[in-house]
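Asker: Quick one, entry_27.txt (compact mmCIF, C-alpha atoms and all ligand atoms):
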# COMPACT_ATOMS: atom_id res chain seq x y z
CA MET U 1177 -28.69 -1.44 15.64
CA LYS U 1178 -26.03 1.28 15.76
CA ARG U 1179 -23.72 1.52 12.78
CA MET U 1180 -19.95 1.34 13.05
CA LEU U 1181 -17.52 2.15 10.28
CA SER U 1182 -13.81 1.70 9.91
CA GLY U 1183 -11.22 2.02 7.19
CA ILE U 1184 -8.09 -0.07 7.15
CA LYS U 1185 -4.94 1.15 5.50
CA PRO U 1186 -2.75 -1.89 5.02
CA SER U 1187 0.82 -0.73 5.19
CA GLY U 1188 2.84 -3.89 4.94
CA GLN U 1189 2.03 -7.17 6.59
CA LEU U 1190 -0.32 -7.56 9.53
CA THR U 1191 1.22 -8.43 12.89
CA LEU U 1192 0.16 -10.26 16.03
CA GLY U 1193 -0.16 -6.76 17.57
CA ASN U 1194 -2.68 -5.76 14.88
CA TYR U 1195 -4.57 -8.99 15.47
CA ILE U 1196 -4.89 -8.60 19.22
CA GLY U 1197 -5.26 -4.80 19.22
CA ALA U 1198 -7.59 -4.35 16.26
CA LEU U 1199 -8.77 -7.35 14.20
CA LYS U 1200 -10.12 -9.34 17.12
CA ASN U 1201 -12.11 -6.29 18.28
CA PHE U 1202 -13.70 -5.87 14.87
CA VAL U 1203 -14.80 -9.47 14.91
CA ASN U 1204 -16.46 -8.91 18.29
CA TYR U 1205 -18.11 -5.64 17.22
CA GLN U 1206 -20.03 -7.60 14.59
CA ASN U 1207 -22.24 -8.98 17.34
CA ASP U 1208 -23.41 -5.57 18.50
CA TYR U 1209 -23.15 -3.25 15.51
CA GLU U 1210 -23.90 -3.04 11.86
CA MET U 1211 -20.29 -2.99 10.62
CA ILE U 1212 -19.01 -1.29 7.50
CA VAL U 1213 -15.35 -2.05 6.86
CA PHE U 1214 -13.37 -0.97 3.87
CA ILE U 1215 -9.79 -1.19 2.73
CA ALA U 1216 -8.60 2.39 2.23
CA ASN U 1217 -6.63 1.83 -0.96
CA LEU U 1218 -6.91 5.47 -2.07
CA HIS U 1219 -5.30 6.48 1.22
CA CYS U 1220 -2.47 4.04 0.49
CA ILE U 1221 -1.43 5.94 -2.63
CA THR U 1222 -0.96 9.23 -0.77
CA VAL U 1223 2.61 7.96 -0.42
CA PRO U 1224 4.53 6.23 -3.24
CA GLN U 1225 3.71 2.54 -3.70
CA GLU U 1226 5.11 -0.26 -5.81
CA PRO U 1227 2.02 -1.52 -7.73
CA ALA U 1228 2.65 -5.28 -7.51
CA GLU U 1229 3.45 -5.06 -3.82
CA LEU U 1230 0.42 -2.85 -3.13
CA ARG U 1231 -1.89 -5.29 -4.96
CA LYS U 1232 -0.58 -8.19 -2.88
CA ASN U 1233 -0.87 -6.28 0.41
CA LEU U 1234 -4.47 -5.28 -0.35
CA LYS U 1235 -5.54 -8.82 -1.20
CA ASP U 1236 -3.68 -10.30 1.76
CA ALA U 1237 -5.25 -7.81 4.13
CA ILE U 1238 -8.77 -8.70 3.02
CA ALA U 1239 -8.07 -12.44 3.09
CA LEU U 1240 -6.58 -12.12 6.58
CA TYR U 1241 -9.52 -10.11 7.90
CA LEU U 1242 -11.84 -12.80 6.60
CA ALA U 1243 -9.57 -15.54 8.00
CA CYS U 1244 -9.67 -13.87 11.41
CA GLY U 1245 -13.45 -13.95 11.46
CA LEU U 1246 -14.80 -10.85 9.76
CA ASP U 1247 -18.03 -12.22 8.33
CA PRO U 1248 -19.33 -10.90 4.98
CA GLU U 1249 -22.83 -12.11 5.87
CA ARG U 1250 -22.95 -9.72 8.80
CA SER U 1251 -20.52 -6.96 7.76
CA THR U 1252 -20.20 -4.90 4.60
CA ILE U 1253 -16.64 -5.32 3.36
CA PHE U 1254 -15.30 -3.54 0.28
CA LEU U 1255 -12.46 -1.72 -1.42
CA GLN U 1256 -12.67 2.08 -1.17
CA SER U 1257 -11.95 2.72 -4.85
CA ASP U 1258 -14.81 0.39 -5.89
CA VAL U 1259 -17.25 2.91 -4.46
CA MET U 1260 -16.35 5.99 -6.46
CA GLU U 1261 -18.70 8.16 -4.42
CA HIS U 1262 -15.96 8.34 -1.76
CA ALA U 1263 -13.59 10.27 -4.00
CA GLN U 1264 -16.34 12.54 -5.30
CA LEU U 1265 -17.61 13.45 -1.84
CA GLY U 1266 -13.93 13.71 -0.88
CA PHE U 1267 -13.49 16.57 -3.32
CA ILE U 1268 -16.61 18.29 -2.04
CA MET U 1269 -15.30 17.90 1.53
CA CYS U 1270 -11.93 19.24 0.45
CA CYS U 1271 -13.65 22.37 -0.86
CA ASN U 1272 -15.21 22.84 2.57
CA THR U 1273 -12.04 22.26 4.58
CA TYR U 1274 -9.90 25.26 5.48
CA MET U 1275 -6.19 25.02 4.74
CA GLY U 1276 -5.68 26.07 8.35
CA GLU U 1277 -7.43 22.88 9.43
CA LEU U 1278 -5.29 20.71 7.18
CA ASN U 1279 -2.17 22.51 8.43
CA ARG U 1280 -3.02 21.45 11.96
CA MET U 1281 -3.26 17.73 11.16
CA THR U 1282 -0.39 16.13 13.02
CA GLN U 1283 0.27 13.32 10.54
CA PHE U 1284 1.20 15.72 7.77
CA LYS U 1285 2.91 18.15 10.12
CA ASP U 1286 5.10 15.38 11.56
CA LYS U 1287 6.34 14.40 8.12
CA GLN U 1288 7.04 18.02 7.27
CA VAL U 1289 8.89 18.62 10.51
CA LYS U 1290 10.99 15.51 9.89
CA GLY U 1291 12.05 17.21 6.66
CA GLU U 1292 10.52 14.60 4.34
CA THR U 1293 10.47 16.01 0.83
CA ASN U 1294 8.16 15.53 -2.17
CA LEU U 1295 5.10 15.05 0.04
CA SER U 1296 2.03 14.79 -2.20
CA GLY U 1297 -1.05 16.99 -2.35
CA GLY U 1298 -3.05 13.82 -1.72
CA LEU U 1299 -1.32 13.31 1.61
CA TYR U 1300 -2.11 16.90 2.59
CA THR U 1301 -5.82 16.65 1.73
CA TYR U 1302 -6.25 13.06 2.95
CA PRO U 1303 -8.20 14.07 6.08
CA SER U 1304 -10.93 15.54 3.83
CA LEU U 1305 -11.19 12.24 1.95
CA MET U 1306 -11.33 10.41 5.26
CA ALA U 1307 -14.17 12.69 6.36
CA ALA U 1308 -16.05 11.74 3.19
CA ASP U 1309 -15.34 8.02 3.81
CA ILE U 1310 -17.03 8.39 7.15
CA LEU U 1311 -19.85 10.87 6.60
CA ILE U 1312 -21.18 9.20 3.46
CA TYR U 1313 -22.45 6.28 5.63
CA ASP U 1314 -23.79 8.19 8.67
CA PRO U 1315 -22.09 5.89 11.19
CA ASP U 1316 -22.61 6.28 14.94
CA TYR U 1317 -19.09 5.13 15.83
CA VAL U 1318 -15.69 5.08 14.17
CA PRO U 1319 -13.15 2.84 15.95
CA VAL U 1320 -9.65 4.19 15.38
CA GLY U 1321 -6.21 4.21 16.94
CA GLU U 1322 -5.11 7.28 18.90
CA ASP U 1323 -3.24 8.69 15.87
CA GLN U 1324 -6.46 8.85 13.83
CA LYS U 1325 -8.68 10.54 16.41
CA GLN U 1326 -7.86 14.01 15.12
CA HIS U 1327 -9.10 13.01 11.67
CA VAL U 1328 -12.43 11.77 13.02
CA GLU U 1329 -12.79 15.05 14.90
CA LEU U 1330 -12.24 16.94 11.66
CA ALA U 1331 -15.00 14.82 10.10
CA ARG U 1332 -17.30 15.91 12.93
CA ASP U 1333 -16.39 19.57 12.40
CA LEU U 1334 -17.04 19.30 8.68
CA ALA U 1335 -20.36 17.54 9.27
CA ALA U 1336 -21.45 20.29 11.67
CA ARG U 1337 -20.34 22.99 9.21
CA PHE U 1338 -22.33 21.34 6.41
CA ASN U 1339 -25.42 20.89 8.55
CA ASN U 1340 -25.27 24.51 9.65
CA ARG U 1341 -24.93 25.82 6.17
CA TYR U 1342 -27.18 23.49 4.18
CA GLY U 1343 -29.52 21.89 6.72
CA GLU U 1344 -29.35 18.45 8.37
CA ILE U 1345 -27.38 16.15 6.08
CA PHE U 1346 -24.78 14.31 8.13
CA LYS U 1347 -24.78 12.45 11.42
CA LEU U 1348 -21.92 13.50 13.72
CA PRO U 1349 -19.81 10.38 14.30
CA GLU U 1350 -18.12 9.49 17.60
CA PRO U 1351 -14.50 8.30 17.50
CA LEU U 1352 -14.05 5.12 19.52
CA VAL U 1353 -10.49 4.95 20.83
CA PRO U 1354 -9.76 1.91 22.97
CA THR U 1355 -8.73 3.17 26.41
CA VAL U 1356 -7.81 -0.09 28.05
CA GLY U 1357 -6.78 -1.61 24.75
CA LYS U 1358 -4.18 -4.30 24.76
CA ARG U 1359 -0.75 -3.08 23.80
CA ILE U 1360 1.37 -5.96 22.61
CA MET U 1361 5.05 -5.21 23.06
CA SER U 1362 8.06 -6.14 20.96
CA LEU U 1363 9.52 -9.54 21.85
CA SER U 1364 13.06 -8.20 21.58
CA ASP U 1365 12.44 -4.93 23.43
CA PRO U 1366 9.34 -5.24 25.62
CA THR U 1367 9.39 -1.51 26.41
CA LYS U 1368 8.45 -0.78 22.76
CA LYS U 1369 5.21 -1.55 20.93
CA MET U 1370 5.35 -4.56 18.59
CA SER U 1371 5.29 -3.01 15.14
CA LYS U 1372 5.96 -3.75 11.51
CA SER U 1373 8.78 -1.23 11.54
CA ASP U 1374 10.66 -3.80 13.65
CA LYS U 1375 11.33 -5.53 10.34
CA GLY U 1376 14.36 -7.75 10.33
CA ASP U 1377 14.53 -8.30 14.06
CA LYS U 1378 12.89 -10.97 16.14
CA GLY U 1379 10.55 -8.68 18.02
CA CYS U 1380 7.57 -8.84 15.71
CA ILE U 1381 5.39 -11.81 14.78
CA TYR U 1382 3.56 -11.57 11.47
CA LEU U 1383 0.28 -13.39 10.98
CA LEU U 1384 1.78 -15.06 7.92
CA ASP U 1385 5.09 -15.97 9.56
CA ASP U 1386 6.29 -19.51 8.98
CA LEU U 1387 5.16 -21.42 12.10
CA ASN U 1388 8.70 -22.48 13.01
CA VAL U 1389 9.93 -18.93 12.69
CA ALA U 1390 7.11 -17.71 14.93
CA ARG U 1391 7.95 -20.36 17.53
CA LYS U 1392 11.63 -19.35 17.50
CA LYS U 1393 10.69 -15.70 17.99
CA ILE U 1394 8.70 -16.57 21.13
CA MET U 1395 11.43 -18.88 22.45
CA SER U 1396 14.01 -16.12 22.09
CA ALA U 1397 11.80 -13.36 23.56
CA VAL U 1398 13.65 -11.10 25.99
CA THR U 1399 12.70 -11.76 29.63
CA ASP U 1400 14.55 -10.89 32.88
CA ASN U 1401 16.59 -12.31 35.79
CA PHE U 1402 13.74 -12.72 38.26
CA ALA U 1403 13.26 -16.37 37.25
CA LYS U 1404 9.62 -16.14 38.25
CA VAL U 1405 6.54 -16.10 36.05
CA ALA U 1406 4.61 -13.08 37.35
CA PHE U 1407 2.48 -10.31 35.91
CA ASP U 1408 4.39 -7.11 36.62
CA PRO U 1409 4.57 -4.94 33.48
CA ILE U 1410 6.92 -2.40 35.12
CA ASN U 1411 9.61 -4.74 36.45
CA GLN U 1412 9.00 -7.77 34.23
CA PRO U 1413 7.75 -6.31 30.94
CA GLY U 1414 8.88 -9.25 28.79
CA VAL U 1415 7.23 -11.97 30.86
CA SER U 1416 4.10 -9.83 31.36
CA ASN U 1417 3.82 -9.31 27.60
CA LEU U 1418 4.00 -13.08 27.01
CA LEU U 1419 1.35 -13.62 29.70
CA GLU U 1420 -0.89 -11.07 28.05
CA ILE U 1421 -0.47 -12.66 24.60
CA MET U 1422 -1.19 -16.13 25.96
CA SER U 1423 -4.20 -14.95 27.94
CA VAL U 1424 -5.83 -13.08 25.04
CA LEU U 1425 -5.34 -15.97 22.63
CA SER U 1426 -6.35 -18.80 24.94
CA GLY U 1427 -9.03 -17.03 26.95
CA GLU U 1428 -7.39 -18.22 30.19
CA PRO U 1429 -7.14 -15.43 32.79
CA ILE U 1430 -3.60 -14.18 33.52
CA ASP U 1431 -3.87 -15.17 37.21
CA SER U 1432 -4.61 -18.73 36.31
CA ILE U 1433 -1.66 -18.94 33.90
CA VAL U 1434 0.63 -17.45 36.53
CA LYS U 1435 -0.53 -20.07 39.02
CA ARG U 1436 0.06 -22.93 36.60
CA PHE U 1437 3.63 -21.80 35.95
CA GLU U 1438 4.62 -20.62 39.44
CA ASN U 1439 7.16 -23.42 39.78
CA SER U 1440 8.32 -23.51 36.16
CA GLY U 1441 11.34 -22.01 34.44
CA TYR U 1442 11.02 -19.50 31.60
CA GLY U 1443 11.82 -22.22 29.05
CA ASP U 1444 8.71 -24.24 29.85
CA PHE U 1445 6.58 -21.14 30.09
CA LYS U 1446 7.75 -19.85 26.69
CA LYS U 1447 7.10 -23.23 25.14
CA ALA U 1448 3.49 -23.06 26.35
CA VAL U 1449 3.11 -19.53 24.98
CA ALA U 1450 4.62 -20.62 21.66
CA ASP U 1451 2.17 -23.55 21.46
CA VAL U 1452 -0.78 -21.21 21.87
CA VAL U 1453 0.52 -18.63 19.37
CA VAL U 1454 1.46 -21.24 16.78
CA ALA U 1455 -1.93 -22.97 17.08
CA GLU U 1456 -3.70 -19.63 16.52
CA LEU U 1457 -1.48 -18.71 13.54
CA ASP U 1458 -1.96 -22.17 12.09
CA LYS U 1459 -5.75 -21.78 12.25
CA ILE U 1460 -5.61 -18.32 10.65
CA GLN U 1461 -3.14 -19.37 7.94
CA THR U 1462 -5.15 -22.45 6.97
CA ARG U 1463 -8.27 -20.33 6.50
CA TYR U 1464 -6.23 -17.66 4.74
CA ARG U 1465 -4.91 -20.17 2.17
CA ASP U 1466 -8.42 -21.55 1.55
CA ILE U 1467 -9.78 -18.04 1.08
CA ILE U 1468 -7.03 -16.99 -1.35
CA ALA U 1469 -7.49 -20.20 -3.39
CA SER U 1470 -11.28 -20.05 -3.49
CA GLY U 1471 -11.77 -16.64 -5.10
CA GLU U 1472 -13.71 -15.60 -2.02
CA VAL U 1473 -11.93 -12.25 -1.78
CA GLU U 1474 -13.20 -11.16 -5.19
CA ARG U 1475 -16.73 -12.36 -4.41
CA VAL U 1476 -16.86 -10.61 -1.05
CA LEU U 1477 -15.61 -7.34 -2.57
CA GLN U 1478 -18.14 -7.49 -5.37
CA GLU U 1479 -21.07 -8.00 -3.03
CA GLY U 1480 -19.74 -5.57 -0.45
CA SER U 1481 -19.23 -2.75 -2.92
CA GLU U 1482 -22.75 -3.20 -4.30
CA LYS U 1483 -24.23 -2.89 -0.82
CA ALA U 1484 -22.05 0.11 0.06
CA ARG U 1485 -22.66 1.90 -3.24
CA LYS U 1486 -26.42 1.96 -2.65
CA ILE U 1487 -25.97 3.91 0.57
CA ALA U 1488 -23.14 6.09 -0.75
CA TYR U 1489 -24.87 7.07 -3.99
CA LYS U 1490 -28.02 8.22 -2.22
CA LYS U 1491 -26.05 10.33 0.21
CA LEU U 1492 -23.87 11.87 -2.48
CA MET U 1493 -26.93 12.85 -4.53
CA LYS U 1494 -28.52 14.43 -1.49
CA VAL U 1495 -25.37 16.46 -0.82
CA GLN U 1496 -25.05 17.54 -4.45
CA LYS U 1497 -28.63 18.77 -4.48
CA LYS U 1498 -28.20 20.66 -1.24
CA ILE U 1499 -25.04 22.45 -2.35
CA GLY U 1500 -26.49 23.38 -5.73
CA ILE U 1501 -24.38 21.45 -8.20
CA GLU U 1502 -27.16 19.01 -9.13
CA ILE U 1503 -29.67 20.57 -11.52
CA ARG U 1504 -32.01 17.70 -12.37
P1 LIG U 1601 -0.93 0.14 12.57
O1 LIG U 1601 -0.49 -1.19 12.08
O2 LIG U 1601 0.07 0.78 13.50
O3 LIG U 1601 -1.45 1.04 11.49
O4 LIG U 1601 -2.19 -0.13 13.52
C1 LIG U 1601 -3.40 -0.67 13.04
C2 LIG U 1601 -4.25 -1.07 14.25
O5 LIG U 1601 -3.62 -2.14 14.99
C3 LIG U 1601 -4.48 0.06 15.27
O6 LIG U 1601 -5.80 -0.04 15.75
C4 LIG U 1601 -3.49 -0.25 16.38
O7 LIG U 1601 -3.94 0.23 17.61
C5 LIG U 1601 -3.41 -1.77 16.35
N1 LIG U 1601 -2.06 -2.20 16.77
C6 LIG U 1601 -0.92 -2.10 16.04
N2 LIG U 1601 0.15 -2.58 16.73
C7 LIG U 1601 -0.34 -2.99 17.94
C8 LIG U 1601 0.26 -3.57 19.11
N3 LIG U 1601 1.58 -3.84 19.18
N4 LIG U 1601 -0.54 -3.86 20.16
C9 LIG U 1601 -1.88 -3.59 20.10
N5 LIG U 1601 -2.48 -3.05 19.04
C10 LIG U 1601 -1.75 -2.74 17.96
N1 LIG U 1602 -6.64 6.95 7.85
C1 LIG U 1602 -6.83 5.65 8.44
C2 LIG U 1602 -5.45 5.03 8.77
O1 LIG U 1602 -4.45 5.53 8.35
C3 LIG U 1602 -7.59 4.74 7.50
C4 LIG U 1602 -8.92 5.32 7.14
C5 LIG U 1602 -9.26 5.87 5.96
C6 LIG U 1602 -10.06 5.36 7.98
N2 LIG U 1602 -10.56 6.26 5.97
C7 LIG U 1602 -11.09 5.98 7.19
C8 LIG U 1602 -10.32 4.97 9.29
C9 LIG U 1602 -12.37 6.20 7.72
C10 LIG U 1602 -11.60 5.19 9.81
C11 LIG U 1602 -12.61 5.80 9.02
O2 LIG U 1602 -5.41 4.04 9.47
Will you turn the file into structure tokens for me?

Answerer:
Amino acid sequence: MKRMLSGIKPSGQLTLGNYIGALKNFVNYQNDYEMIVFIANLHCITVPQEPAELRKNLKDAIALYLACGLDPERSTIFLQSDVMEHAQLGFIMCCNTYMGELNRMTQFKDKQVKGETNLSGGLYTYPSLMAADILIYDPDYVPVGEDQKQHVELARDLAARFNNRYGEIFKLPEPLVPTVGKRIMSLSDPTKKMSKSDKGDKGCIYLLDDLNVARKKIMSAVTDNFAKVAFDPINQPGVSNLLEIMSVLSGEPIDSIVKRFENSGYGDFKKAVADVVVAELDKIQTRYRDIIASGEVERVLQEGSEKARKIAYKKLMKVQKKIGIEIR
């Protein structure tokens, strides 16, 4: 079975967009790949964090991943900082990354160009740590969003450089960027992606939204004046977005939903979409509350980090021997 690895950096609360665009895919990947999934908490602190808030976000993210169907029996799930080998290989990777390479990384460059001040050294060298996160497990595939592809490519370059210099050590991973991936749009401006930065407006549904609040957000979603339920993302982006959400969550093809609502007004259609979304959120939230109350998060992390550490330790030792810092 091929191995797949991904790191999740929880920045704030997870949204319906995250669920449809990322979480649901992970759950499906479990059927075909050996999955290694970790919460990248060291990456979180490359920008300032409020400790209590960070702690809550980390725990919520794990509980929500489990609630959405990530299965600790089949996948290895852990917290990055619990496997200290990441940071150690991260430093070794950093010593083998050219500053020119880090200067080209768009995430850091963008922040610099925007004139953000007091950027940390950790943020600058984060791609080297990410390379270590990946290479230490020899994965075949790394599923990432478009913005992270450049970092996986750096990991490949570093792996090739290491292998050239010290002999075969690392597998070269393939980034897996969804090409036909679902893009869930904002409910209040369906030409924009639904995102957590929408905070405060009605465009974004959070997985932990109160169910009535979520329903109201769907009912007040921006539509159009065509008065016809049809899938036409260019001319009817709002209605098409709702169709897409309903179809992904219910499994009913878009065509069939369109047919069912061809003689209905937007009010009835939205109510049906809201029913489907609320039912899904309700299911996730019920499991989430059980998981938080049961201490399952702590248990999963304990077992996951033990499994991961076995692989990571062996690899780190091999690297240290090859590069000459290990003398035993
Ligand atoms: P982010 O929350 O932007 O860091 O994204 C985390 C993951 O969720 C990435 O794989 C994104 O592609 C996915 N994602 C975030 N927002 C959406 C959205 N509105 N529609 C589809 N996928 C999304
Ligand atoms: N940098 C990724 C993000 O911001 C998270 C991440 C850290 C990651 N290490 C990784 C993703 C290794 C894939 C593989 O979303």

Asker: Could you state the separation of atom CA of Leu1190 of chain U and atom CA of Ala1228 of chain U in Å, given to one decimal place?

Answerer: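 Going from atom CA of Leu1190 of chain U over to atom CA of Ala1228 of chain U, I get 17.4 Å.
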
Asker: May I have the residues within 6 Å of segment 1242-1256 of chain U as a compact mmCIF listing (two decimals) with C-alpha atoms, in the coordinates of the input, using only C-alpha atoms and disregarding those fewer than 6 positions away in the same chain?

Answerer:
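Wrote it out as around_31.txt, contents follow:
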# COMPACT_ATOMS: atom_id res chain seq x y z
CA VAL U 1203 -14.80 -9.47 14.91
CA MET U 1211 -20.29 -2.99 10.62
CA ILE U 1212 -19.01 -1.29 7.50
CA VAL U 1213 -15.35 -2.05 6.86
CA PHE U 1214 -13.37 -0.97 3.87
CA ILE U 1215 -9.79 -1.19 2.73
CA ALA U 1216 -8.60 2.39 2.23
CA ILE U 1460 -5.61 -18.32 10.65
CA ARG U 1463 -8.27 -20.33 6.50
CA TYR U 1464 -6.23 -17.66 4.74
CA LEU U 1477 -15.61 -7.34 -2.57
CA GLY U 1480 -19.74 -5.57 -0.45
CA SER U 1481 -19.23 -2.75 -2.92

Asker: Excluding Ser1373 of chain U and its own-chain neighbours fewer than 6 positions away, which residues fall within 12 Å of it when counting all atoms listed in the file? Please give them as JSON, numbers by chain.

Answerer: {"U": [1187, 1188, 1189, 1190, 1191, 1362, 1379, 1380, 1381, 1382]}

Asker: Taking only C-alpha atoms and all ligand atoms into account, which of U:Lys1404, U:Arg1332, U:Lys1459, U:Lys1185 comes nearest ligand LIG 1601 (chain U)?

Answerer: U:Lys1185

Asker: At what distance in Å, to one decimal, does atom CA of Ala1198 of chain U lie from atom C2 of ligand LIG 1601 (chain U)?

Answerer: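 Atom C2 of ligand LIG 1601 (chain U) sits 5.1 Å away from atom CA of Ala1198 of chain U.
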
Asker: I need the residue nearest Asn1411 of chain U from this list: U:Pro1366, U:Tyr1205, U:Asp1451, U:Asp1431. Use all atoms listed in the file for the distance.

Answerer: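 When distances to Asn1411 of chain U are compared using all atoms listed in the file, the smallest one comes from U:Pro1366.
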
Asker: Between U:Val1289, U:Met1275, U:Met1306, U:Leu1230, which residue has the minimum interatomic distance to ligand LIG 1602 (chain U), considering all atoms listed in the file?

Answerer: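 Of U:Val1289, U:Met1275, U:Met1306, U:Leu1230, the one nearest ligand LIG 1602 (chain U), counting all atoms listed in the file, is U:Met1306.
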
Asker: At a cut-off of 10 Å and counting all atoms listed in the file, what residues surround ligand LIG 1601 (chain U)? Please answer as an mmCIF file with C-alpha atoms, keeping the file's coordinate frame.

Answerer:
data_model
loop_
_atom_site.group_PDB
_atom_site.id
_atom_site.type_symbol
_atom_site.label_atom_id
_atom_site.label_comp_id
_atom_site.auth_asym_id
_atom_site.auth_seq_id
_atom_site.Cartn_x
_atom_site.Cartn_y
_atom_site.Cartn_z
ATOM 1 C CA ILE U 1184 -8.090 -0.070 7.150
ATOM 2 C CA LYS U 1185 -4.940 1.150 5.500
ATOM 3 C CA PRO U 1186 -2.750 -1.890 5.020
ATOM 4 C CA SER U 1187 0.820 -0.730 5.190
ATOM 5 C CA GLY U 1188 2.840 -3.890 4.940
ATOM 6 C CA GLN U 1189 2.030 -7.170 6.590
ATOM 7 C CA LEU U 1190 -0.320 -7.560 9.530
ATOM 8 C CA THR U 1191 1.220 -8.430 12.890
ATOM 9 C CA LEU U 1192 0.160 -10.260 16.030
ATOM 10 C CA GLY U 1193 -0.160 -6.760 17.570
ATOM 11 C CA ASN U 1194 -2.680 -5.760 14.880
ATOM 12 C CA TYR U 1195 -4.570 -8.990 15.470
ATOM 13 C CA ILE U 1196 -4.890 -8.600 19.220
ATOM 14 C CA GLY U 1197 -5.260 -4.800 19.220
ATOM 15 C CA ALA U 1198 -7.590 -4.350 16.260
ATOM 16 C CA LEU U 1199 -8.770 -7.350 14.200
ATOM 17 C CA LYS U 1200 -10.120 -9.340 17.120
ATOM 18 C CA ASN U 1201 -12.110 -6.290 18.280
ATOM 19 C CA PHE U 1202 -13.700 -5.870 14.870
ATOM 20 C CA PRO U 1319 -13.150 2.840 15.950
ATOM 21 C CA VAL U 1320 -9.650 4.190 15.380
ATOM 22 C CA GLY U 1321 -6.210 4.210 16.940
ATOM 23 C CA GLU U 1322 -5.110 7.280 18.900
ATOM 24 C CA ASP U 1323 -3.240 8.690 15.870
ATOM 25 C CA GLN U 1324 -6.460 8.850 13.830
ATOM 26 C CA VAL U 1353 -10.490 4.950 20.830
ATOM 27 C CA PRO U 1354 -9.760 1.910 22.970
ATOM 28 C CA GLY U 1357 -6.780 -1.610 24.750
ATOM 29 C CA LYS U 1358 -4.180 -4.300 24.760
ATOM 30 C CA ARG U 1359 -0.750 -3.080 23.800
ATOM 31 C CA ILE U 1360 1.370 -5.960 22.610
ATOM 32 C CA MET U 1361 5.050 -5.210 23.060
ATOM 33 C CA SER U 1362 8.060 -6.140 20.960
ATOM 34 C CA LYS U 1368 8.450 -0.780 22.760
ATOM 35 C CA LYS U 1369 5.210 -1.550 20.930
ATOM 36 C CA MET U 1370 5.350 -4.560 18.590
ATOM 37 C CA SER U 1371 5.290 -3.010 15.140
ATOM 38 C CA LYS U 1372 5.960 -3.750 11.510
ATOM 39 C CA SER U 1373 8.780 -1.230 11.540
ATOM 40 C CA CYS U 1380 7.570 -8.840 15.710
ATOM 41 C CA ILE U 1381 5.390 -11.810 14.780
ATOM 42 C CA ILE U 1421 -0.470 -12.660 24.600
#

Asker: Would you pick out the contacts of Ala1308 of chain U at 8 Å or less, using all atoms listed in the file, so that residues sharing its chain but fewer than 5 positions from it are not included, and give the list as a list in words?

Answerer: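 Near Ala1308 of chain U, the qualifying residues are His1262, Ala1263, Leu1265, Gly1266, Met1269 and Ala1331 of chain U.
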
Asker: Between atom CA of Cys1270 of chain U and atom CA of Glu1482 of chain U, measure the distance and give it in Å to one decimal.

Answerer: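 Between atom CA of Cys1270 of chain U and atom CA of Glu1482 of chain U the gap is 25.4 Å.
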
Asker: I need the residue nearest ligand LIG 1602 (chain U) from this list: U:Arg1280, U:Lys1325, U:Lys1290, U:Arg1179. Use all atoms listed in the file for the distance.

Answerer: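 Closest candidate: U:Lys1325.
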
Asker: Could you pull the residues within 8 Å of Lys1178 of chain U, counting all atoms listed in the file, minus those fewer than 5 positions along the same chain, as a PyMOL selection string?

Answerer: chain U and resi 1208-1210+1315-1317

Asker: List as a list in words: which residues have an atom within 10 Å of (13.0, -13.9, 28.6), counting all atoms listed in the file?

Answerer: Leu1363, Ser1364, Pro1366, Ile1394, Met1395, Ser1396, Ala1397, Val1398, Thr1399, Asp1400, Asn1401, Phe1402, Ala1403, Gln1412, Pro1413, Gly1414, Val1415, Leu1418, Tyr1442, Gly1443, Phe1445 and Lys1446 of chain U

Asker: Give the padded box for segment 1408-1413 of chain U as AutoDock Vina command-line options: axis-aligned, covering all atoms listed in the file, 6 Å on each side, centre and edge lengths in Å to one decimal.

Answerer:
--center_x 7.0 --center_y -5.1 --center_z 33.8 --size_x 17.2 --size_y 17.4 --size_z 17.7

Asker: Just checking: using all atoms listed in the file, which residue out of U:Leu1387, U:Ala1406, U:Cys1271, U:Leu1330 ends up closest to ligand LIG 1602 (chain U)?

Answerer: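 Comparing U:Leu1387, U:Ala1406, U:Cys1271, U:Leu1330 against ligand LIG 1602 (chain U), the winner is U:Leu1330.
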
Asker: I'd like to know which of U:Asp1314, U:Asp1385, U:Glu1226, U:Asp1258 is closest to Glu1456 of chain U, using all atoms listed in the file.

Answerer: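 With all atoms listed in the file as the atom set, the closest residue is U:Asp1385.
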